[in-house]
$ cat input31.cif   # mmCIF, C-alpha atoms
data_model
loop_
_atom_site.group_PDB
_atom_site.id
_atom_site.type_symbol
_atom_site.label_atom_id
_atom_site.label_comp_id
_atom_site.auth_asym_id
_atom_site.auth_seq_id
_atom_site.Cartn_x
_atom_site.Cartn_y
_atom_site.Cartn_z
ATOM 1 C CA LEU A 1 112.130 76.494 113.278
ATOM 2 C CA PHE A 2 109.120 74.183 113.589
ATOM 3 C CA CYS A 3 109.274 73.375 109.877
ATOM 4 C CA GLN A 4 112.950 72.428 110.255
ATOM 5 C CA PHE A 5 111.914 70.097 113.093
ATOM 6 C CA VAL A 6 109.314 68.484 110.818
ATOM 7 C CA GLU A 7 111.927 68.098 108.055
ATOM 8 C CA ILE A 8 114.273 66.312 110.459
ATOM 9 C CA ILE A 9 111.501 63.924 111.504
ATOM 10 C CA LEU A 10 110.662 63.249 107.857
ATOM 11 C CA ASP A 11 114.331 62.523 107.100
ATOM 12 C CA CYS A 12 114.783 60.204 110.090
ATOM 13 C CA GLN A 13 111.894 57.820 109.589
ATOM 14 C CA GLU A 14 110.552 55.729 106.764
ATOM 15 C CA GLU A 15 106.889 55.949 107.773
ATOM 16 C CA PRO A 16 104.796 58.902 106.666
ATOM 17 C CA LEU A 17 104.296 61.699 109.156
ATOM 18 C CA THR A 18 100.615 62.450 109.813
ATOM 19 C CA LEU A 19 99.131 65.536 111.411
ATOM 20 C CA PHE A 20 95.490 65.489 112.492
ATOM 21 C CA LEU A 21 93.713 68.679 113.557
ATOM 22 C CA ASP A 22 90.119 68.732 114.737
ATOM 23 C CA ASP A 23 87.766 71.744 114.813
ATOM 24 C CA CYS A 24 89.627 73.497 111.994
ATOM 25 C CA GLN A 25 86.724 75.922 111.654
ATOM 26 C CA TRP A 26 88.412 77.806 114.532
ATOM 27 C CA ILE A 27 91.944 77.760 113.147
ATOM 28 C CA ASP A 28 93.659 81.159 113.255
ATOM 29 C CA SER A 29 95.654 82.754 110.441
ATOM 30 C CA SER A 30 99.040 82.095 112.124
ATOM 31 C CA SER A 31 98.241 78.382 112.378
ATOM 32 C CA VAL A 32 97.118 78.341 108.735
ATOM 33 C CA ALA A 33 100.421 79.971 107.736
ATOM 34 C CA LEU A 34 102.421 77.375 109.716
ATOM 35 C CA LEU A 35 100.383 74.537 108.239
ATOM 36 C CA ASN A 36 100.973 75.948 104.762
ATOM 37 C CA GLN A 37 104.740 76.020 105.364
ATOM 38 C CA MET A 38 104.660 72.432 106.649
ATOM 39 C CA LEU A 39 102.730 71.252 103.596
ATOM 40 C CA MET A 40 105.140 73.068 101.293
ATOM 41 C CA ILE A 41 108.231 71.333 102.723
ATOM 42 C CA PRO A 42 109.898 69.896 99.639
ATOM 43 C CA ASN A 43 109.092 66.244 99.083
ATOM 44 C CA LYS A 44 112.705 65.481 98.239
ATOM 45 C CA SER A 45 114.451 62.194 98.782
ATOM 46 C CA ALA A 46 116.119 61.843 102.137
ATOM 47 C CA THR A 47 119.908 61.815 102.075
ATOM 48 C CA HIS A 48 120.444 58.069 102.386
ATOM 49 C CA LYS A 49 117.117 56.792 101.107
ATOM 50 C CA LYS A 50 115.675 56.403 97.654
ATOM 51 C CA GLN A 51 112.057 56.910 98.714
ATOM 52 C CA LYS A 52 110.276 60.223 98.977
ATOM 53 C CA ARG A 53 109.261 61.693 102.301
ATOM 54 C CA GLN A 54 105.551 61.751 102.971
ATOM 55 C CA PHE A 55 103.576 64.186 105.086
ATOM 56 C CA PHE A 56 99.819 63.811 105.448
ATOM 57 C CA PHE A 57 97.467 66.372 106.911
ATOM 58 C CA PHE A 58 93.965 65.446 108.047
ATOM 59 C CA GLY A 59 91.727 68.263 109.189
ATOM 60 C CA CYS A 60 88.155 68.113 110.409
ATOM 61 C CA CYS A 61 85.757 71.014 110.471
ATOM 62 C CA ARG A 62 82.060 71.718 110.523
ATOM 63 C CA ASP A 63 81.095 72.561 106.980
ATOM 64 C CA ASP A 64 78.332 74.890 108.143
ATOM 65 C CA GLU A 65 80.939 77.070 109.901
ATOM 66 C CA VAL A 66 83.446 77.257 107.036
ATOM 67 C CA ASN A 67 82.851 79.155 103.800
ATOM 68 C CA LYS A 68 84.892 79.727 100.644
ATOM 69 C CA GLU A 69 86.575 82.739 102.272
ATOM 70 C CA HIS A 70 87.811 80.803 105.327
ATOM 71 C CA PRO A 71 91.644 81.030 105.604
ATOM 72 C CA LEU A 72 92.066 77.240 105.684
ATOM 73 C CA VAL A 73 89.866 76.730 102.610
ATOM 74 C CA LEU A 74 91.789 79.410 100.712
ATOM 75 C CA MET A 75 95.139 77.895 101.683
ATOM 76 C CA LEU A 76 94.108 74.344 100.771
ATOM 77 C CA SER A 77 92.693 75.422 97.406
ATOM 78 C CA SER A 78 95.979 77.165 96.563
ATOM 79 C CA LEU A 79 98.017 73.983 97.149
ATOM 80 C CA GLY A 80 96.992 72.589 93.758
ATOM 81 C CA THR A 81 98.987 75.314 92.006
ATOM 82 C CA PHE A 82 102.105 73.891 93.698
ATOM 83 C CA GLY A 83 101.360 70.320 92.626
ATOM 84 C CA LEU A 84 100.049 69.158 95.982
ATOM 85 C CA LYS A 85 96.958 66.983 96.002
ATOM 86 C CA THR A 86 94.057 67.648 98.364
ATOM 87 C CA THR A 87 90.935 65.605 98.906
ATOM 88 C CA ASN A 88 87.775 66.864 100.566
ATOM 89 C CA ILE A 89 85.629 64.199 102.212
ATOM 90 C CA MET A 90 82.151 65.112 103.386
ATOM 91 C CA LEU A 91 80.859 62.964 106.233
ATOM 92 C CA THR A 92 77.147 62.696 106.726
ATOM 93 C CA SER A 93 74.948 61.152 109.370
ATOM 94 C CA MET A 94 74.500 57.405 109.388
ATOM 95 C CA SER A 95 71.376 55.755 108.006
ATOM 96 C CA LYS A 96 68.998 53.781 110.258
ATOM 97 C CA GLU A 97 70.510 50.552 108.931
ATOM 98 C CA THR A 98 74.063 51.674 109.676
ATOM 99 C CA VAL A 99 73.052 52.778 113.182
ATOM 100 C CA ASN A 100 71.551 49.344 113.738
ATOM 101 C CA GLU A 101 74.760 47.673 112.513
ATOM 102 C CA MET A 102 76.785 49.848 114.904
ATOM 103 C CA VAL A 103 74.526 49.055 117.884
ATOM 104 C CA SER A 104 74.403 45.370 116.947
ATOM 105 C CA THR A 105 78.196 45.166 116.789
ATOM 106 C CA THR A 106 78.680 47.167 119.982
ATOM 107 C CA LEU A 107 76.299 44.988 121.992
ATOM 108 C CA SER A 108 77.247 41.722 120.223
ATOM 109 C CA LEU A 109 73.613 41.029 119.396
ATOM 110 C CA LEU A 110 71.827 40.127 116.196
ATOM 111 C CA PRO A 111 70.568 43.162 114.245
ATOM 112 C CA ARG A 112 66.956 41.989 114.544
ATOM 113 C CA LEU A 113 67.306 42.193 118.345
ATOM 114 C CA THR A 114 68.849 45.670 118.387
ATOM 115 C CA ARG A 115 66.443 47.275 115.894
ATOM 116 C CA PRO A 116 64.062 48.723 118.563
ATOM 117 C CA LEU A 117 66.962 50.338 120.446
ATOM 118 C CA SER A 118 68.597 51.524 117.224
ATOM 119 C CA ASP A 119 65.382 53.184 116.076
ATOM 120 C CA ILE A 120 65.184 55.170 119.327
ATOM 121 C CA LEU A 121 68.870 56.131 119.122
ATOM 122 C CA TYR A 122 68.524 57.180 115.493
ATOM 123 C CA HIS A 123 65.530 59.361 116.318
ATOM 124 C CA LYS A 124 67.335 61.056 119.223
ATOM 125 C CA THR A 125 70.722 61.536 117.508
ATOM 126 C CA LYS A 126 69.775 61.934 113.835
ATOM 127 C CA GLY A 127 72.447 59.327 113.036
ATOM 128 C CA SER A 128 75.479 61.171 114.441
ATOM 129 C CA PRO A 129 78.084 58.489 115.319
ATOM 130 C CA LEU A 130 79.656 60.525 118.137
ATOM 131 C CA PHE A 131 76.247 61.359 119.581
ATOM 132 C CA ILE A 132 75.180 57.693 119.468
ATOM 133 C CA LYS A 133 78.358 56.625 121.266
ATOM 134 C CA GLN A 134 77.961 59.277 123.964
ATOM 135 C CA LEU A 135 74.262 58.514 124.384
ATOM 136 C CA MET A 136 74.953 54.792 124.798
ATOM 137 C CA ILE A 137 77.530 55.595 127.486
ATOM 138 C CA GLU A 138 74.947 57.785 129.250
ATOM 139 C CA LEU A 139 72.284 55.072 128.963
ATOM 140 C CA HIS A 140 74.653 52.636 130.636
ATOM 141 C CA LYS A 141 75.427 55.143 133.418
ATOM 142 C CA ARG A 142 71.707 55.591 134.061
ATOM 143 C CA HIS A 143 71.164 51.808 133.956
ATOM 144 C CA PHE A 144 68.821 52.104 130.975
ATOM 145 C CA LEU A 145 71.219 49.860 129.043
ATOM 146 C CA TYR A 146 72.867 47.048 130.979
ATOM 147 C CA PRO A 147 74.055 43.448 130.759
ATOM 148 C CA SER A 148 71.498 41.003 132.123
ATOM 149 C CA LEU A 149 72.651 37.728 133.631
ATOM 150 C CA THR A 150 69.177 36.217 133.354
ATOM 151 C CA HIS A 151 68.904 37.076 129.645
ATOM 152 C CA ARG A 152 72.638 36.522 129.042
ATOM 153 C CA ARG A 153 72.813 39.605 126.855
ATOM 154 C CA TRP A 154 72.460 43.369 126.904
ATOM 155 C CA VAL A 155 68.965 44.646 127.654
ATOM 156 C CA TRP A 156 67.494 48.149 127.669
ATOM 157 C CA GLU A 157 64.539 50.046 128.994
ATOM 158 C CA SER A 158 62.951 51.393 125.833
ATOM 159 C CA ASP A 159 60.324 53.534 127.585
ATOM 160 C CA ASN A 160 62.894 55.270 129.794
ATOM 161 C CA ILE A 161 65.195 55.878 126.842
ATOM 162 C CA ARG A 162 62.349 57.208 124.702
ATOM 163 C CA ASP A 163 61.239 59.535 127.526
ATOM 164 C CA MET A 164 64.757 60.888 128.112
ATOM 165 C CA GLU A 165 65.023 64.615 127.511
ATOM 166 C CA ILE A 166 68.216 65.319 125.582
ATOM 167 C CA THR A 167 69.483 68.270 123.638
ATOM 168 C CA ASP A 168 69.848 68.246 119.846
ATOM 169 C CA SER A 169 73.526 69.211 120.136
ATOM 170 C CA VAL A 170 76.114 66.536 120.891
ATOM 171 C CA ALA A 171 78.459 69.191 122.317
ATOM 172 C CA THR A 172 75.801 70.367 124.781
ATOM 173 C CA PHE A 173 74.973 66.759 125.634
ATOM 174 C CA ILE A 174 78.619 66.003 126.456
ATOM 175 C CA MET A 175 78.975 69.226 128.459
ATOM 176 C CA ASN A 176 75.834 68.361 130.454
ATOM 177 C CA SER A 177 77.246 64.920 131.245
ATOM 178 C CA PHE A 178 80.201 66.628 132.947
ATOM 179 C CA HIS A 179 77.813 67.977 135.578
ATOM 180 C CA SER A 180 77.215 64.451 136.838
ATOM 181 C CA LEU A 181 80.901 63.998 137.650
ATOM 182 C CA PRO A 182 81.989 64.149 141.300
ATOM 183 C CA PRO A 183 83.045 67.632 142.521
ATOM 184 C CA ASP A 184 86.665 66.595 143.086
ATOM 185 C CA VAL A 185 86.921 65.514 139.445
ATOM 186 C CA LEU A 186 85.415 68.786 138.219
ATOM 187 C CA SER A 187 87.934 70.855 140.192
#
$ encode --input "input31.cif" --output "structure tokens"
Amino acid sequence: LFCQFVEIILDCQEEPLTLFLDDCQWIDSSSVALLNQMLMIPNKSATHKKQKRQFFFFGCCRDDEVNKEHPLVLMLSSLGTFGLKTTNIMLTSMSKETVNEMVSTTLSLLPRLTRPLSDILYHKTKGSPLFIKQLMIELHKRHFLYPSLTHRRWVWESDNIRDMEITDSVATFIMNSFHSLPPDVLS
């Protein structure tokens, strides 16, 4: 029934339909089977249109938690036998230079000014973009990173940031930040 719903959507619109699933390392076999059916929907021309329907699937997973025997990996590797193209993109941590570009852009400062902060952030996050973003939010909450009217730019307290005790895991870091929320928000 769900696949028929997807087919109707594909027939009714000209734009491609995109499905994004995060944390696919935890996908169950029923979800893999449904995804397989959705990907196998014939790419036929819609009744009144000359163009082919397009369905894109983007899935993210932690490569250290998925092996060659994982149901999703097996399903995706079998798609080639049906003429469907798959592409695997491995994302790695950002380099020190890229972290500095990100911080420079975020704070609207020249890269030479953000280098000291970027070096600290890189050391604490190992270049993880999500971790850097979450850490910068936390630094702002703690007033270690703030806009200064006297300097007319963002400033930071390098010693306080360097001395901050943080976990190596971005998930644990985010979970710990929930504890600082007001009790009525947590309930």
$ residues_around --input "input31.cif" --residues "A:Leu19" --least-positions-apart "3" --cutoff "9 Å" --atoms "only C-alpha atoms" --output "list of chain:residue names"
A:Phe55, A:Phe56, A:Phe57, A:Phe58, A:Gly59
$ resolve_selection --input "input31.cif" --expression "the PyMOL selection byres ((chain A and resi 77-89) around 12)" --output "PyMOL selection string"
chain A and resi 35-43+54-63+68-76+90-92
$ residues_around --input "input31.cif" --residues "A:Asp159" --least-positions-apart "6" --cutoff "12 Å" --atoms "only C-alpha atoms" --output "PyMOL selection string"
chain A and resi 116-117+120+144-145
$ closest_residue --input "input31.cif" --among "A:Leu10, A:Val103, A:Leu121, A:Leu130" --to "A:Ile166" --atoms "all atoms listed in the file"
A:Leu121
$ closest_residue --input "input31.cif" --among "A:Pro129, A:Gln134, A:His123, A:Ser158" --to "A:Glu101" --atoms "only C-alpha atoms"
A:Pro129
$ resolve_selection --input "input31.cif" --expression "the PyMOL selection byres ((chain A and resi 140-143) around 12)" --output "PyMOL selection string"
chain A and resi 107+133-139+144-148+154-158+160-161+164+177+180-181
$ residues_around --input "input31.cif" --residues "A:Ser118" --least-positions-apart "3" --cutoff "10 Å" --atoms "all atoms listed in the file" --output "PyMOL selection string"
chain A and resi 96-104+111+113-115+121-124+127+132
$ atom_distance --input "input31.cif" --atom1 "atom CA of A:Glu15" --atom2 "atom CA of A:Ile27"
27.0 Å
$ atom_distance --input "input31.cif" --atom1 "atom CA of A:Glu65" --atom2 "atom CA of A:Ser31"
17.5 Å
$ closest_residue --input "input31.cif" --among "A:Thr172, A:Thr125, A:Gln25, A:Thr150" --to "A:Ser95" --atoms "only C-alpha atoms"
A:Thr125
$ atom_distance --input "input31.cif" --atom1 "atom CA of A:Leu34" --atom2 "atom CA of A:Cys3"
7.9 Å
$ axis_aligned_box --input "input31.cif" --around "stretch 16-35 of chain A" --padding-each-side "4 Å" --output "AutoDock Vina command-line options"
--center_x 95.8 --center_y 70.8 --center_z 110.7 --size_x 26.1 --size_y 31.9 --size_z 16.1
